[in-house]
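This is my_file-v2.cif. It holds mmCIF, C-alpha atoms.
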```cif
data_target
#
loop_
_atom_site.label_atom_id
_atom_site.label_comp_id
_atom_site.auth_asym_id
_atom_site.auth_seq_id
_atom_site.Cartn_x
_atom_site.Cartn_y
_atom_site.Cartn_z
CA MET A 146 -82.69 14.29 24.04
CA LYS A 147 -82.90 16.95 21.39
CA PRO A 148 -79.88 16.93 19.10
CA TRP A 149 -77.76 19.97 18.36
CA VAL A 150 -77.79 21.15 14.75
CA GLU A 151 -74.58 22.63 13.40
CA LEU A 152 -75.26 25.91 11.62
CA GLY A 153 -71.74 26.98 10.82
CA ARG A 154 -68.09 26.15 11.20
CA THR A 155 -64.88 28.16 10.90
CA LYS A 156 -61.38 28.57 12.31
CA THR A 157 -59.86 31.10 14.69
CA PRO A 158 -56.73 32.92 13.43
CA ASP A 159 -54.61 30.46 15.44
CA GLY A 160 -56.37 27.41 14.05
CA GLY A 161 -59.04 26.72 16.67
CA ASP A 162 -62.18 24.95 15.51
CA VAL A 163 -65.25 27.19 15.96
CA ARG A 164 -68.77 25.87 15.54
CA LEU A 165 -72.19 27.49 15.82
CA LYS A 166 -74.87 25.09 17.03
CA GLN A 167 -78.61 25.36 17.59
CA ARG A 168 -81.10 23.38 19.67
CA ASP A 169 -84.62 24.77 19.58
CA ASP A 170 -84.25 28.46 20.46
CA GLU A 171 -80.86 27.96 22.11
CA TYR A 172 -77.60 28.76 20.35
CA SER A 173 -74.10 27.77 21.34
CA ILE A 174 -70.64 28.70 20.10
CA VAL A 175 -68.14 25.91 20.69
CA VAL A 176 -64.37 26.23 20.32
CA ASP A 177 -62.27 23.07 20.10
CA GLY A 178 -65.09 21.08 21.63
CA VAL A 179 -65.58 23.40 24.61
CA GLU A 180 -68.64 25.62 24.84
CA LEU A 181 -67.47 29.22 24.72
CA MET A 182 -70.89 30.83 25.13
CA SER A 183 -74.54 29.95 25.13
CA SER A 184 -77.57 32.09 24.45
CA ARG A 185 -79.22 30.32 27.38
CA VAL A 186 -76.78 31.80 29.86
CA HIS A 187 -76.75 35.53 29.66
CA GLY A 188 -78.39 38.35 31.52
CA SER A 189 -75.48 39.96 33.32
CA GLU A 190 -74.88 42.19 30.31
CA GLY A 191 -78.34 43.70 30.36
CA SER A 192 -78.32 44.03 34.12
CA GLY A 193 -74.95 45.75 34.09
CA GLY A 194 -75.87 48.11 31.32
CA GLY A 195 -79.17 48.99 32.91
CA ARG A 196 -77.56 49.88 36.20
CA LEU A 197 -74.97 52.10 34.57
CA ARG A 198 -77.47 54.02 32.51
CA GLY A 199 -77.55 57.71 33.32
CA SER A 200 -74.38 57.65 35.39
CA GLY A 201 -72.10 58.95 32.64
CA ARG A 202 -70.49 62.34 32.45
CA ALA A 203 -68.15 61.95 29.47
CA GLN A 204 -68.82 63.92 26.29
CA LYS A 205 -68.97 61.92 23.05
CA PRO A 206 -67.43 58.78 24.58
CA SER A 207 -65.66 56.35 22.27
CA VAL A 208 -65.75 52.64 23.08
CA LEU A 209 -64.08 49.64 21.48
CA VAL A 210 -65.76 46.30 22.20
CA GLY A 211 -63.31 43.43 21.81
CA GLY A 212 -65.23 40.49 20.39
CA LEU A 213 -68.81 40.37 19.17
CA GLY A 214 -69.83 36.99 20.55
CA MET A 215 -73.61 36.82 20.50
CA GLY A 216 -73.98 40.58 20.66
CA PHE A 217 -75.22 40.89 24.25
CA THR A 218 -72.36 43.11 25.46
CA LEU A 219 -72.56 45.29 22.36
CA ARG A 220 -76.28 45.69 22.92
CA ALA A 221 -75.75 46.68 26.55
CA ALA A 222 -73.06 49.19 25.59
CA LEU A 223 -75.25 50.76 22.91
CA ASP A 224 -78.20 50.96 25.27
CA LEU A 225 -76.34 52.73 28.04
CA LEU A 226 -74.11 55.07 26.06
CA PRO A 227 -75.41 58.44 24.87
CA ALA A 228 -76.48 58.91 21.27
CA ASP A 229 -73.29 60.78 20.39
CA ALA A 230 -71.07 57.88 21.50
CA SER A 231 -68.87 56.04 19.04
CA VAL A 232 -68.87 52.25 19.37
CA THR A 233 -66.56 49.99 17.40
CA VAL A 234 -66.45 46.20 17.60
CA ALA A 235 -63.24 44.31 16.85
CA GLU A 236 -64.07 40.75 15.80
CA LEU A 237 -61.23 38.48 14.70
CA VAL A 238 -63.47 35.84 13.13
CA PRO A 239 -65.46 37.18 10.15
CA GLU A 240 -67.94 34.31 10.35
CA VAL A 241 -68.95 35.38 13.87
CA ALA A 242 -69.97 38.75 12.44
CA GLU A 243 -71.88 36.95 9.70
CA TRP A 244 -73.65 34.73 12.20
CA ASN A 245 -74.70 37.88 14.05
CA ARG A 246 -76.16 39.25 10.83
CA GLY A 247 -78.00 35.94 10.49
CA PRO A 248 -79.40 33.54 13.09
CA LEU A 249 -77.80 35.16 16.17
CA GLY A 250 -78.99 38.66 15.35
CA PRO A 251 -82.39 38.58 17.03
CA LEU A 252 -80.94 37.32 20.34
CA ALA A 253 -79.76 40.79 21.35
CA GLY A 254 -82.05 42.73 19.03
CA ASP A 255 -79.66 43.06 16.09
CA PRO A 256 -77.34 45.51 17.85
CA TRP A 257 -75.02 45.81 14.83
CA ARG A 258 -77.90 47.52 12.99
CA ILE A 259 -78.17 50.26 15.62
CA GLY A 260 -74.98 52.10 14.98
CA ALA A 261 -71.83 50.16 15.81
CA SER A 262 -69.11 49.61 13.26
CA ILE A 263 -67.66 46.10 13.15
CA MET B 181 -59.27 15.00 68.83
CA ARG B 182 -57.36 17.12 66.40
CA ARG B 183 -58.54 16.87 62.83
CA ALA B 184 -56.16 14.97 60.61
CA ALA B 185 -54.14 17.76 59.09
CA THR B 186 -56.97 19.25 57.06
CA GLY B 187 -55.41 21.95 54.96
CA ALA B 188 -51.91 20.73 55.81
CA PRO B 189 -49.20 21.88 53.42
CA ASP B 190 -48.92 18.59 51.54
CA GLN B 191 -52.64 18.52 50.77
CA ARG B 192 -52.65 22.16 49.76
CA LEU B 193 -49.63 21.58 47.54
CA ALA B 194 -51.43 18.76 45.76
CA HIS B 195 -54.45 20.96 45.21
CA PHE B 196 -52.48 23.87 43.83
CA THR B 197 -50.35 21.62 41.63
CA PHE B 198 -53.56 20.35 40.05
CA LEU B 199 -54.85 23.88 39.63
CA THR B 200 -51.72 25.44 38.23
CA ASP B 201 -51.11 22.51 35.90
CA HIS B 202 -54.47 23.16 34.34
CA LEU B 203 -53.93 26.91 34.11
CA ARG B 204 -50.38 26.82 32.85
CA GLY B 205 -51.32 27.46 29.24
CA VAL B 206 -53.54 30.35 30.23
CA LEU B 207 -50.82 31.95 32.32
CA ARG B 208 -48.25 31.64 29.56
CA GLN B 209 -50.46 33.61 27.24
CA ALA B 210 -50.94 36.36 29.81
CA VAL B 211 -47.30 37.41 29.96
CA THR B 212 -44.54 38.37 27.58
CA PRO B 213 -41.58 36.16 26.64
CA ASP B 214 -39.36 38.44 28.74
CA ASP B 215 -41.48 37.73 31.79
CA GLN B 216 -41.29 34.02 31.16
CA LYS B 217 -37.51 34.09 30.93
CA ARG B 218 -37.43 35.22 34.53
CA ARG B 219 -38.86 31.90 35.56
CA ALA B 220 -36.99 28.70 34.74
CA ASP B 221 -40.25 26.81 34.31
CA GLY B 222 -41.82 29.42 32.07
CA GLY B 223 -44.65 30.16 34.47
CA LEU B 224 -45.75 33.22 36.37
CA SER B 225 -47.21 33.58 39.80
CA LEU B 226 -50.88 32.78 39.78
CA PHE B 227 -52.98 35.22 41.71
CA HIS B 228 -54.36 32.57 43.95
CA ARG B 229 -54.42 32.46 47.67
CA GLN B 230 -52.84 30.36 50.34
CA ARG B 231 -55.59 30.88 52.84
CA ARG B 232 -54.32 29.11 55.92
CA SER B 233 -50.66 29.81 56.09
CA ALA B 234 -48.53 28.05 58.65
CA ASP B 235 -51.22 27.46 61.22
CA GLN B 236 -50.85 23.73 61.73
CA GLN B 237 -48.01 21.28 62.26
CA TRP B 238 -45.70 24.07 63.28
CA LEU B 239 -42.07 23.03 63.56
CA SER B 240 -39.85 26.09 63.26
CA VAL B 241 -39.63 29.44 61.52
CA GLU B 242 -37.22 28.05 58.96
CA ASP B 243 -39.33 24.97 58.39
CA GLU B 244 -42.48 27.00 57.79
CA LEU B 245 -40.82 29.63 55.62
CA ARG B 246 -39.59 27.01 53.16
CA TYR B 247 -43.17 26.70 51.96
CA VAL B 248 -42.93 30.22 50.58
CA ARG B 249 -40.44 28.91 48.02
CA ILE B 250 -42.43 25.74 47.36
CA PHE B 251 -45.65 27.61 46.69
CA PHE B 252 -43.78 30.10 44.55
CA GLU B 253 -42.44 27.27 42.41
CA LEU B 254 -46.04 26.14 41.99
CA GLY B 255 -46.98 29.61 40.85
CA VAL B 256 -49.03 30.56 43.90
CA THR B 257 -49.05 33.84 45.79
CA TRP B 258 -49.69 34.10 49.47
CA TYR B 259 -52.09 36.00 51.58
CA VAL B 260 -50.49 37.31 54.70
CA THR B 261 -53.59 36.21 56.58
CA TYR B 262 -57.13 35.19 55.81
CA ASN B 263 -60.02 36.55 57.87
CA ARG B 264 -58.99 35.01 61.15
CA ARG B 265 -55.78 35.32 63.12
CA ASN B 266 -52.89 33.08 62.17
CA ARG B 267 -49.21 32.99 63.08
CA LEU B 268 -48.43 35.80 60.65
CA GLY B 269 -50.94 38.31 61.93
CA ASP B 270 -54.55 39.27 62.44
CA GLY B 271 -57.10 38.82 59.70
CA CYS B 272 -59.66 41.46 58.87
CA ALA B 273 -62.35 39.85 61.04
CA GLU B 274 -60.28 39.93 64.22
CA THR B 275 -61.57 42.77 66.36
CA ALA B 276 -58.23 43.08 68.17
CA ASN B 277 -56.65 44.38 64.94
CA GLY B 278 -53.35 43.15 66.31
CA GLY B 279 -51.02 43.61 63.37
CA LEU B 280 -48.16 41.55 61.99
CA SER B 281 -46.33 39.05 64.18
CA ASP B 282 -42.60 38.57 64.33
CA PHE B 283 -43.04 35.49 62.16
CA GLY B 284 -45.24 37.55 59.84
CA ARG B 285 -42.42 40.03 59.32
CA ALA B 286 -40.05 37.16 58.55
CA ALA B 287 -42.59 35.75 56.12
CA VAL B 288 -43.00 39.06 54.28
CA THR B 289 -39.23 39.36 53.97
CA GLU B 290 -39.04 35.81 52.63
CA MET B 291 -41.85 36.49 50.14
CA ASN B 292 -39.93 39.53 48.90
CA ARG B 293 -36.75 37.49 48.59
CA VAL B 294 -38.38 34.60 46.76
CA GLY B 295 -40.57 36.70 44.47
CA VAL B 296 -44.01 36.09 45.96
CA ILE B 297 -46.42 39.02 45.88
CA VAL B 298 -47.56 40.00 49.36
CA ASP B 299 -51.37 40.24 49.39
CA VAL B 300 -53.24 41.74 52.34
CA ALA B 301 -56.75 41.58 50.87
CA HIS B 302 -58.13 39.65 53.83
CA SER B 303 -55.70 40.99 56.42
CA GLY B 304 -56.57 43.32 59.24
CA TRP B 305 -55.88 46.99 58.77
CA GLN B 306 -52.96 47.06 61.22
CA THR B 307 -51.54 43.88 59.68
CA SER B 308 -51.78 45.56 56.28
CA LEU B 309 -50.02 48.71 57.49
CA GLU B 310 -47.21 46.75 59.09
CA ALA B 311 -46.83 44.45 56.09
CA ALA B 312 -46.50 47.52 53.86
CA LYS B 313 -43.84 48.88 56.17
CA GLN B 314 -42.01 45.55 56.12
CA SER B 315 -42.27 44.85 52.39
CA SER B 316 -39.41 45.96 50.18
CA LYS B 317 -41.39 45.20 47.02
CA PRO B 318 -44.76 46.36 45.69
CA MET B 319 -47.59 44.92 47.74
CA VAL B 320 -51.28 44.53 46.97
CA ALA B 321 -54.72 44.15 48.43
CA SER B 322 -55.88 42.19 45.42
CA HIS B 323 -59.64 42.25 46.08
CA THR B 324 -60.95 44.82 48.51
CA THR B 325 -62.94 48.07 48.53
CA CYS B 326 -62.42 51.66 49.59
CA GLY B 327 -63.17 52.17 53.26
CA GLY B 328 -63.58 55.86 52.47
CA ILE B 329 -66.83 54.96 50.73
CA TYR B 330 -68.00 52.24 53.08
CA PRO B 331 -65.85 50.93 55.96
CA HIS B 332 -66.62 47.20 55.83
CA ILE B 333 -63.96 45.09 57.52
CA ARG B 334 -62.97 43.80 54.07
CA SER B 335 -62.37 47.32 52.86
CA LYS B 336 -59.15 49.28 53.28
CA PRO B 337 -59.23 52.75 54.76
CA ASP B 338 -57.34 55.54 53.03
CA GLU B 339 -54.41 55.16 55.40
CA VAL B 340 -53.92 51.53 54.38
CA ILE B 341 -54.37 52.23 50.66
CA ARG B 342 -51.79 55.00 50.95
CA ALA B 343 -49.35 52.60 52.62
CA ILE B 344 -49.90 50.04 49.85
CA ALA B 345 -49.47 52.77 47.22
CA ASP B 346 -46.21 53.80 48.86
CA THR B 347 -44.84 50.32 48.14
CA ASP B 348 -45.67 50.97 44.45
CA GLY B 349 -48.48 48.44 44.77
CA TYR B 350 -52.20 48.59 44.03
CA VAL B 351 -55.62 47.84 45.45
CA GLY B 352 -57.99 45.68 43.41
CA ILE B 353 -61.63 46.66 43.79
CA CYS B 354 -63.80 43.58 44.26
CA CYS B 355 -67.32 42.91 43.03
CA ILE B 356 -69.08 41.99 46.27
CA PRO B 357 -72.21 44.16 46.65
CA ARG B 358 -72.13 43.94 50.44
CA PHE B 359 -68.63 45.40 50.53
CA LEU B 360 -69.24 47.96 47.79
CA ARG B 361 -72.48 49.31 49.36
CA ARG B 362 -74.24 52.33 47.89
CA SER B 363 -76.21 50.75 45.03
CA GLY B 364 -74.24 47.50 45.43
CA ASP B 365 -73.95 47.14 41.67
CA ILE B 366 -71.72 48.03 38.75
CA ALA B 367 -72.27 51.74 39.39
CA ALA B 368 -70.99 51.26 42.93
CA LEU B 369 -67.98 49.39 41.56
CA ILE B 370 -67.20 52.35 39.32
CA ASP B 371 -67.70 54.67 42.32
CA HIS B 372 -64.93 52.82 44.17
CA LEU B 373 -62.63 52.87 41.14
CA GLU B 374 -63.23 56.58 40.72
CA TYR B 375 -62.65 57.29 44.41
CA ALA B 376 -59.36 55.38 44.42
CA VAL B 377 -58.13 56.93 41.18
CA LYS B 378 -58.89 60.46 42.34
CA LYS B 379 -57.31 59.94 45.74
CA PHE B 380 -54.33 57.73 44.93
CA GLY B 381 -53.87 57.76 41.14
CA ALA B 382 -54.68 55.26 38.40
CA GLU B 383 -51.34 53.49 39.04
CA ARG B 384 -52.74 52.27 42.36
CA VAL B 385 -56.02 50.74 41.20
CA ALA B 386 -57.11 47.45 39.64
CA ILE B 387 -60.18 45.23 39.54
CA GLY B 388 -60.10 42.02 41.59
CA THR B 389 -63.54 40.56 41.10
CA ASP B 390 -63.44 37.78 43.74
CA THR B 391 -66.60 36.31 42.25
CA ALA B 392 -67.42 33.46 39.93
CA TYR B 393 -70.13 33.73 37.30
CA THR B 394 -73.48 32.51 38.53
CA SER B 395 -76.03 31.85 35.83
CA GLN B 396 -79.67 32.69 36.26
CA TYR B 397 -80.34 28.94 36.37
CA ALA B 398 -77.88 28.18 39.18
CA ALA B 399 -80.39 28.26 42.03
CA ALA B 400 -82.82 25.96 40.22
CA GLU B 401 -80.03 23.56 39.26
CA SER B 402 -78.63 23.55 42.80
CA ARG B 403 -81.99 22.55 44.22
CA LYS B 404 -81.75 19.30 42.26
CA ILE B 405 -78.65 18.28 44.23
CA PRO B 406 -79.14 16.79 47.72
CA PRO B 407 -77.78 19.19 50.35
CA ARG B 408 -74.43 18.31 51.89
CA ALA B 409 -73.95 17.98 55.59
CA LYS B 410 -72.74 21.21 57.16
CA GLN B 411 -68.96 21.01 57.34
CA ARG B 412 -68.02 24.14 59.21
CA GLU B 413 -69.27 27.59 59.94
CA ARG B 414 -69.02 29.81 56.93
CA PHE B 415 -66.38 32.51 57.09
CA ALA B 416 -69.06 35.06 56.24
CA SER B 417 -70.37 34.57 59.75
CA LEU B 418 -67.54 36.82 60.82
CA TRP B 419 -68.92 39.75 58.87
CA PRO B 420 -70.57 42.39 61.03
CA GLU B 421 -74.34 42.05 61.07
CA ASP B 422 -76.23 44.54 58.94
CA ASP B 423 -79.44 44.80 57.00
CA PHE B 424 -77.93 45.06 53.53
CA GLN B 425 -79.80 42.88 51.05
CA THR B 426 -77.81 41.65 48.07
CA THR B 427 -80.05 41.14 45.06
CA ALA B 428 -79.57 38.95 42.01
CA ALA B 429 -79.55 42.07 39.84
CA MET B 430 -76.64 43.50 41.85
CA ASN B 431 -74.64 40.30 41.47
CA GLU B 432 -75.42 40.03 37.78
CA SER B 433 -74.37 43.58 37.10
CA VAL B 434 -70.90 43.01 38.59
CA ALA B 435 -70.39 39.51 37.16
CA TRP B 436 -66.94 39.18 35.60
CA THR B 437 -68.65 38.51 32.28
CA ASN B 438 -69.42 42.23 32.35
CA TRP B 439 -65.74 43.14 32.24
CA PRO B 440 -66.32 45.02 28.94
CA LEU B 441 -69.02 47.05 30.69
CA PHE B 442 -66.66 47.87 33.54
CA THR B 443 -64.60 49.53 30.85
CA VAL B 444 -67.63 51.29 29.41
CA GLY B 445 -68.49 52.53 32.89
CA MET B 446 -65.02 54.03 33.28
CA VAL B 447 -65.26 55.64 29.85
CA GLN B 448 -68.61 57.11 30.86
CA ARG B 449 -67.09 58.64 33.96
CA GLY B 450 -64.37 60.29 31.93
CA PHE B 451 -61.42 58.03 32.72
CA LYS B 452 -58.61 58.43 30.19
CA ASP B 453 -57.48 55.51 28.03
CA ASP B 454 -54.09 55.24 29.73
CA GLN B 455 -55.80 55.17 33.14
CA ILE B 456 -58.15 52.40 32.01
CA ARG B 457 -55.28 50.34 30.61
CA LYS B 458 -53.54 50.47 33.97
CA ILE B 459 -56.67 49.54 35.87
CA LEU B 460 -57.57 46.65 33.56
CA GLY B 461 -54.23 44.90 33.89
CA GLY B 462 -51.27 47.20 33.52
CA ASN B 463 -50.85 47.66 37.25
CA VAL B 464 -51.13 43.93 37.92
CA LEU B 465 -48.38 43.21 35.41
CA ARG B 466 -46.21 46.01 36.83
CA VAL B 467 -46.39 44.53 40.33
CA ALA B 468 -45.86 40.97 39.05
CA ARG B 469 -42.77 42.04 37.16
CA ALA B 470 -41.41 43.89 40.18
CA ALA B 471 -41.93 40.80 42.32
CA LEU B 472 -40.03 38.64 39.86
CA ALA B 473 -37.20 41.12 39.35
#
```
Take the structure from the file and write it as structure tokens.
Amino acid sequence: MKPWVELGRTKTPDGGDVRLKQRDDEYSIVVDGVELMSSRVHGSEGSGGGRLRGSGRAQKPSVLVGGLGMGFTLRAALDLLPADASVTVAELVPEVAEWNRGPLGPLAGDPWRIGASI
Amino acid sequence: MRRAATGAPDQRLAHFTFLTDHLRGVLRQAVTPDDQKRRADGGLSLFHRQRRSADQQWLSVEDELRYVRIFFELGVTWYVTYNRRNRLGDGCAETANGGLSDFGRAAVTEMNRVGVIVDVAHSGWQTSLEAAKQSSKPMVASHTTCGGIYPHIRSKPDEVIRAIADTDGYVGICCIPRFLRRSGDIAALIDHLEYAVKKFGAERVAIGTDTAYTSQYAAAESRKIPPRAKQRERFASLWPEDDFQTTAAMNESVAWTNWPLFTVGMVQRGFKDDQIRKILGGNVLRVARAALA
């Protein structure tokens, strides 16, 4: 069995223990010993975004994404919204944003570089 | 020989006690301190379903109605009916569309008195109309679709949605591609939300996914487990036959993990922020508070 390697550790504002782990090309964020999200299990975000593309009518839409996670939802939102859209991400845990600028970034194609403010 | 009380109240109570015990912390964080004060135990009704109400071991109206209070204390809301007919009324799959029974009317009145939210998501259309007429508190169809877009038996036609709206309730749009129709995906979900908002107002609309997340590895993982013996005919067998093909992409696009994208979809269609807030949870809280008042 391949062991998990801990890449980072921090706390939530209410004291929860948050850890970023890696095993081969798989990443996992674990909170208080329970897996919150895994890079292995995603796909709905891209599928949802793809199927919404082109269905919008709003002018200069403004979207707030609550929580960065591994960036998949942000990526989907950026991909489907028009170029004049404003996208802001609210992330309570600064280290999660840092992890997205580091090892997690490539998972969703570094969406924070595209034009969202975090 | 009659099966040994499968789904009998005591077994269902044990199941829901287990469930609500585990969710208690989650529920506490979903409501305000004022809401919690309304309940001596600090809980709030869980939007879960009592699917087979009062259909076995019948003793008397009074005896059966006491379970309304018991389930309420456990934090569980009741369906009026599931898909089939029961003593309260006809479910949505019953072709007779027979409406609410005398006992059903008594049950709705008891739910109102106790503080249980009346939910007609799986009820027949006539049952839903009569429950709305009977209910003195806001009522819901927690996970359904707009029959005005596609009239599946699990949908609610405009007449029923109007009746629910008139109770100050809401309809939750579910994420089942077969019921949504059109593209069967997140765009279809937004179509239903938009239809309901335009026709009945944002105060009358919510999202009631009715689906669990299924990972892209679920099918492969399931194949590793030996198949279980068939226990009973699936309820879906009651759905009218059609040639609609649900795809994995449809299901993925409406997975509850895409809740943020549901919001983005509404923004794209031009929904206002206050409308979106109501749809994402404000209406559910309004009805819950009215039920507890």
Need the shell around Glu274 in chain B: protein/DNA/RNA residues with any atom at most 12 Å away, counting all atoms listed in the file. Skip same-chain ones fewer than 2 positions apart. Format as a list in words?
Thr261, Tyr262, Asn263, Arg264, Arg265, Asn266, Gly269, Asp270, Gly271, Cys272, Ala276, Asn277, Gly278, Gly279, His302, Ser303, Gly304, Trp305, Gln306, Thr307, Ile333, Arg334, Phe415, Leu418, Trp419 and Pro420 of chain B
Would you mind listing, as an NGL selection string, all residues of chain B that have at least one atom within 12 Å of chain A, where all atoms listed in the file are what counts?
:B and (363-371 or 393-398 or 427-453 or 456)
Could you please take those selected residues and save C-alpha atoms as a short mmCIF file (atom, residue, chain, number, x, y, z; two decimals), in the frame of the given file?
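Just written: selection-v1.cif:
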```
data_model
loop_
_atom_site.label_atom_id
_atom_site.label_comp_id
_atom_site.auth_asym_id
_atom_site.auth_seq_id
_atom_site.Cartn_x
_atom_site.Cartn_y
_atom_site.Cartn_z
CA SER B 363 -76.21 50.75 45.03
CA GLY B 364 -74.24 47.50 45.43
CA ASP B 365 -73.95 47.14 41.67
CA ILE B 366 -71.72 48.03 38.75
CA ALA B 367 -72.27 51.74 39.39
CA ALA B 368 -70.99 51.26 42.93
CA LEU B 369 -67.98 49.39 41.56
CA ILE B 370 -67.20 52.35 39.32
CA ASP B 371 -67.70 54.67 42.32
CA TYR B 393 -70.13 33.73 37.30
CA THR B 394 -73.48 32.51 38.53
CA SER B 395 -76.03 31.85 35.83
CA GLN B 396 -79.67 32.69 36.26
CA TYR B 397 -80.34 28.94 36.37
CA ALA B 398 -77.88 28.18 39.18
CA THR B 427 -80.05 41.14 45.06
CA ALA B 428 -79.57 38.95 42.01
CA ALA B 429 -79.55 42.07 39.84
CA MET B 430 -76.64 43.50 41.85
CA ASN B 431 -74.64 40.30 41.47
CA GLU B 432 -75.42 40.03 37.78
CA SER B 433 -74.37 43.58 37.10
CA VAL B 434 -70.90 43.01 38.59
CA ALA B 435 -70.39 39.51 37.16
CA TRP B 436 -66.94 39.18 35.60
CA THR B 437 -68.65 38.51 32.28
CA ASN B 438 -69.42 42.23 32.35
CA TRP B 439 -65.74 43.14 32.24
CA PRO B 440 -66.32 45.02 28.94
CA LEU B 441 -69.02 47.05 30.69
CA PHE B 442 -66.66 47.87 33.54
CA THR B 443 -64.60 49.53 30.85
CA VAL B 444 -67.63 51.29 29.41
CA GLY B 445 -68.49 52.53 32.89
CA MET B 446 -65.02 54.03 33.28
CA VAL B 447 -65.26 55.64 29.85
CA GLN B 448 -68.61 57.11 30.86
CA ARG B 449 -67.09 58.64 33.96
CA GLY B 450 -64.37 60.29 31.93
CA PHE B 451 -61.42 58.03 32.72
CA LYS B 452 -58.61 58.43 30.19
CA ASP B 453 -57.48 55.51 28.03
CA ILE B 456 -58.15 52.40 32.01
#
```
Resolved residues for the PyMOL selection byres ((chain A and resi 263) around 7) as JSON, numbers by chain
{"A": [233, 234, 235, 236, 261, 262]}
Expanded to explicit residues, what is the PyMOL selection byres ((chain A and resi 241) around 12) for this file, as a ChimeraX atom specification?
/A:152-157,163-165,173-175,212-216,234-240,242-250,263
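With all atoms listed in the file as the atoms that count, the minimum distance from Arg220 in chain A to the choices A:Gly161, A:Pro148, A:Gly178, A:Pro256 is reached by A:Pro256.
The spacing separating CA of Phe424 in chain B from CA of Val385 in chain B amounts to 25.8 Å.
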Using CA of Ser315 in chain B and CA of Val351 in chain B as the two end points, give the distance in Å to one decimal.
15.3 Å
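Note that the spacing between CA of Leu252 in chain A and CA of Lys404 in chain B amounts to 28.4 Å.
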Please enumerate the residues selected by the PyMOL selection byres ((chain A and resi 146) around 12) when evaluated against the supplied file, formatted as a CSV table (one decimal) with C-alpha atoms, in the coordinates of the input.
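Resulting contents of expr-v1.csv:
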```
chain,number,residue,atom,x,y,z
A,147,LYS,CA,-82.9,17.0,21.4
A,148,PRO,CA,-79.9,16.9,19.1
A,149,TRP,CA,-77.8,20.0,18.4
A,168,ARG,CA,-81.1,23.4,19.7
A,169,ASP,CA,-84.6,24.8,19.6
```
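Residues within 10 Å of Ser335 in chain B, counting only C-alpha atoms and excluding same-chain residues fewer than 2 positions away, are Cys272, Ala301, His302, Ser303, Gly304, Trp305, Ala321, His323, Thr324, Thr325, Cys326, Gly327, Gly328, Ile329, Tyr330, Pro331, His332, Ile333, Pro337, Asp338, Val340, Ile341, Ile353, Cys354, Phe359 and Leu360 of chain B.
Minimum atom-to-atom distances from B:Leu280, B:Ala287, B:Ala345, B:Ala386 to Leu245 in chain B were compared using all atoms listed in the file, and the lowest value belongs to B:Ala287.
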